[in-house]
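*Asks:* Below is the file target_16.txt, with compact mmCIF, C-alpha atoms.
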# COMPACT_ATOMS: atom_id res chain seq x y z
CA MET A 1 -59.95 4.78 -8.79
CA THR A 2 -60.01 6.84 -5.61
CA THR A 3 -63.08 8.03 -3.75
CA ASN A 4 -62.13 11.64 -4.51
CA GLN A 5 -61.97 10.91 -8.24
CA ARG A 6 -65.42 9.33 -8.14
CA ARG A 7 -66.77 12.31 -6.22
CA ALA A 8 -65.16 14.71 -8.69
CA TYR A 9 -66.99 12.88 -11.50
CA THR A 10 -70.27 13.30 -9.61
CA GLU A 11 -69.69 17.02 -9.18
CA MET A 12 -68.48 17.48 -12.75
CA LEU A 13 -71.61 15.83 -14.15
CA GLU A 14 -73.75 18.19 -12.10
CA ILE A 15 -71.74 21.15 -13.40
CA PHE A 16 -72.28 19.92 -16.98
CA LYS A 17 -76.04 20.04 -16.41
CA ASN A 18 -75.72 23.76 -15.75
CA MET A 19 -73.58 24.55 -18.80
CA SER A 20 -74.90 25.70 -22.14
CA LEU A 21 -75.63 23.01 -24.71
CA ASP A 22 -72.92 24.52 -26.88
CA LEU A 23 -70.27 23.91 -24.21
CA GLN A 24 -71.67 20.49 -23.31
CA SER A 25 -71.42 19.40 -26.93
CA LYS A 26 -67.66 20.04 -26.93
CA VAL A 27 -67.03 17.34 -24.32
CA PRO A 28 -66.71 13.84 -25.83
CA ASN A 29 -69.58 11.50 -25.05
CA THR A 30 -67.07 8.80 -24.12
CA LEU A 31 -65.75 11.00 -21.31
CA ILE A 32 -69.24 11.75 -20.01
CA GLU A 33 -70.13 8.05 -20.20
CA LYS A 34 -66.98 7.14 -18.25
CA MET A 35 -67.84 9.69 -15.56
CA ASN A 36 -71.40 8.34 -15.34
CA LEU A 37 -70.10 4.80 -14.89
CA GLU A 38 -67.44 5.74 -12.34
CA LYS A 39 -69.21 8.46 -10.33
CA ASP A 40 -69.95 8.14 -6.62
CA ASN A 41 -73.71 7.70 -6.47
CA ASP A 42 -73.71 8.33 -2.72
CA TRP A 43 -71.96 11.71 -2.98
CA LYS A 44 -74.46 14.54 -2.75
CA PHE A 45 -73.66 17.69 -4.67
CA LYS A 46 -76.10 20.35 -5.74
CA TYR A 47 -74.99 23.10 -8.10
CA ASP A 48 -75.96 26.43 -6.58
CA GLU A 49 -77.42 28.49 -9.42
CA THR A 50 -77.13 31.67 -7.37
CA VAL A 51 -73.33 31.35 -7.24
CA THR A 52 -70.82 31.54 -10.08
CA LEU A 53 -68.91 28.41 -11.05
CA LYS A 54 -65.76 29.92 -9.58
CA ASN A 55 -67.47 30.20 -6.18
CA GLN A 56 -69.14 26.78 -6.08
CA LYS A 57 -68.24 24.60 -3.10
CA ILE A 58 -66.52 21.84 -5.06
CA LEU A 59 -63.69 19.46 -4.30
CA TYR A 60 -60.17 20.42 -5.30
CA SER A 61 -60.19 17.27 -7.47
CA THR A 62 -63.20 18.64 -9.33
CA LYS A 63 -61.36 21.90 -9.99
CA VAL A 64 -58.43 19.95 -11.42
CA LEU A 65 -60.78 17.84 -13.58
CA PHE A 66 -62.62 20.94 -14.79
CA SER A 67 -59.31 22.59 -15.72
CA TYR A 68 -58.32 19.53 -17.73
CA ILE A 69 -61.67 19.44 -19.54
CA TYR A 70 -61.59 23.18 -20.17
CA ILE A 71 -58.08 23.13 -21.61
CA ASN A 72 -58.67 20.05 -23.76
CA TYR A 73 -62.24 20.50 -24.96
CA ILE A 74 -64.11 23.67 -24.02
CA GLY A 75 -61.75 26.64 -24.12
CA THR A 76 -60.83 28.55 -27.23
CA ASN A 77 -57.27 28.18 -28.50
CA GLU A 78 -56.40 31.62 -27.17
CA LYS A 79 -57.74 30.85 -23.68
CA ARG A 80 -56.06 27.45 -23.67
CA LYS A 81 -52.70 29.04 -24.46
CA LYS A 82 -53.19 31.63 -21.70
CA LEU A 83 -54.08 28.97 -19.14
CA ILE A 84 -51.18 26.73 -20.11
CA MET A 85 -48.78 29.68 -19.90
CA MET A 86 -50.20 30.59 -16.49
CA TYR A 87 -49.79 27.00 -15.23
CA GLU A 88 -46.25 26.83 -16.55
CA LYS A 89 -45.32 30.14 -14.95
CA ASN A 90 -46.82 29.10 -11.60
CA SER A 91 -45.14 25.72 -11.78
CA LYS A 92 -41.71 27.24 -12.31
CA THR A 93 -42.04 29.69 -9.46
CA LYS A 94 -43.87 27.58 -6.88
CA TYR A 95 -42.60 24.03 -7.31
CA ASN A 96 -39.32 22.23 -7.22
CA LEU A 97 -39.37 19.22 -9.59
CA ASP A 98 -37.98 16.94 -6.86
CA THR A 99 -40.95 17.57 -4.58
CA LEU A 100 -43.70 18.43 -7.06
CA PHE A 101 -45.62 15.16 -6.97
CA LYS A 102 -45.23 14.58 -3.25
CA LYS A 103 -46.31 18.12 -2.43
CA ASN A 104 -49.16 18.13 -5.00
CA ASN A 105 -50.54 14.82 -3.69
CA MET A 106 -50.46 16.12 -0.12
CA GLN A 107 -52.20 19.36 -1.15
CA THR A 108 -54.89 17.48 -3.07
CA ASN A 109 -55.60 15.24 -0.11
CA GLN A 110 -55.73 18.21 2.28
CA HIS A 111 -58.04 20.18 -0.02
CA ASP A 112 -60.33 17.20 -0.54
CA LYS A 113 -60.51 16.37 3.18
CA LYS A 114 -61.43 19.99 3.89
CA ASP A 115 -63.99 19.97 1.04
CA ILE A 116 -65.47 16.66 2.21
CA ASN A 117 -65.90 17.98 5.76
CA THR A 118 -67.53 21.15 4.40
CA ASN A 119 -69.95 19.16 2.21
CA MET A 120 -70.86 16.81 5.06
CA SER A 121 -71.67 19.69 7.38
CA SER A 122 -73.84 21.44 4.79
In structure tokens, how does this file's structure come out?
*Replies:*
Amino acid sequence: MTTNQRRAYTEMLEIFKNMSLDLQSKVPNTLIEKMNLEKDNDWKFKYDETVTLKNQKILYSTKVLFSYIYINYIGTNEKRKKLIMMYEKNSKTKYNLDTLFKKNNMQTNQHDKKDINTNMSS
């Protein structure tokens, strides 16, 4: 498991603490337990209650993880379908299948390096 994945777990657990109990209950306990076991205990993240979730200073990896959790557990069927359609549309227009994984990996690393530097300077 990469450092960024562990840090994403740390941030995601902090985000969960600020979600309604109704939304929290939709996420399987096994997933939360896994994140608790694998999180980066040295990574400092504080959820800013004065800022919306969309505007939180979180790692790109956390955004990806949140999207996965939202689509699979939290979102309504209608919202899930809309998000999946949006992802599919963006994927077709922005990415070539030959370079998708290489480009995506590079973007993730660049986003996370930028996010890490921002969090360290805060």
*Asks:* From the options A:Ile84, A:Met35, A:Ile74, A:Val64, which residue's atoms come nearest to Leu23 of chain A, counting only C-alpha atoms?
*Replies:*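 The closest residue to Leu23 of chain A is A:Ile74.
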*Asks:* Point out the residue among A:Tyr60, A:Tyr87, A:Tyr9, A:Tyr73 with the least atom-to-atom distance to Ile32 of chain A, counting only C-alpha atoms.
*Replies:*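 Closest to Ile32 of chain A of all the choices is A:Tyr9.
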*Asks:* Identify which of the residues A:Thr76, A:Thr52, A:Ser67, A:Asn36 lies closest to Arg6 of chain A, counting all atoms listed in the file when measuring atom-to-atom distances.
*Replies:*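 Looking only at the distances to Arg6 of chain A, the closest residue turns out to be A:Asn36.
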*Asks:* With only C-alpha atoms as the atoms that count, which of A:Asn4, A:Thr10, A:Ser61, A:Asn90 lies nearest to Lys34 of chain A?
*Replies:*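 Checking each candidate against Lys34 of chain A, we get A:Thr10 as the closest.
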*Asks:* Smallest atom-to-atom distance to Arg7 of chain A: which of A:Thr50, A:Ser25, A:Leu37, A:Leu59, using only C-alpha atoms?
*Replies:*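 Checking each candidate against Arg7 of chain A, we get A:Leu59 as the closest.
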*Asks:* Mind giving me the straight-line distance from atom CA of Glu33 of chain A to atom CA of Gly75 of chain A in Å, one decimal?
*Replies:*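 So the two atoms, atom CA of Glu33 of chain A and atom CA of Gly75 of chain A, lie 20.8 Å apart.
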*Asks:* What separation in Å, quoted to one decimal, exists between atom CA of Lys57 of chain A and atom CA of Phe16 of chain A?
*Replies:*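 Distance reported for this atom pair: 15.2 Å.
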*Asks:* Could you work out how far atom CA of Asn55 of chain A lies from atom CA of Ser20 of chain A, giving the answer in Å with one decimal?
*Replies:*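 Atom CA of Ser20 of chain A sits 18.2 Å away from atom CA of Asn55 of chain A.
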*Asks:* Quick one: 8 Å padding each side, axis-aligned, all listed atoms of segment 59-74 of chain A - centre and edge lengths in Å to one decimal, as JSON?
*Replies:*
{"center_x": -61.1, "center_y": 20.5, "center_z": -14.6, "size_x": 22.0, "size_y": 22.4, "size_z": 36.7}
*Asks:* I'd like to know which of A:Asn72, A:Asn77, A:Leu83, A:Leu13 is closest to Asp40 of chain A, using only C-alpha atoms.
*Replies:*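 Between A:Asn72, A:Asn77, A:Leu83, A:Leu13, the residue approaching Asp40 of chain A most closely is A:Leu13.
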*Asks:* Could you list, as a CSV table (one decimal) with C-alpha atoms, keeping the file's coordinate frame, every residue within 10 Å of Ile15 of chain A, counting all atoms listed in the file and ignoring same-chain residues fewer than 5 positions away?
*Replies:*
chain,number,residue,atom,x,y,z
A,9,TYR,CA,-67.0,12.9,-11.5
A,10,THR,CA,-70.3,13.3,-9.6
A,24,GLN,CA,-71.7,20.5,-23.3
A,45,PHE,CA,-73.7,17.7,-4.7
A,46,LYS,CA,-76.1,20.4,-5.7
A,47,TYR,CA,-75.0,23.1,-8.1
A,48,ASP,CA,-76.0,26.4,-6.6
A,53,LEU,CA,-68.9,28.4,-11.0
A,56,GLN,CA,-69.1,26.8,-6.1
A,58,ILE,CA,-66.5,21.8,-5.1
A,62,THR,CA,-63.2,18.6,-9.3
A,66,PHE,CA,-62.6,20.9,-14.8
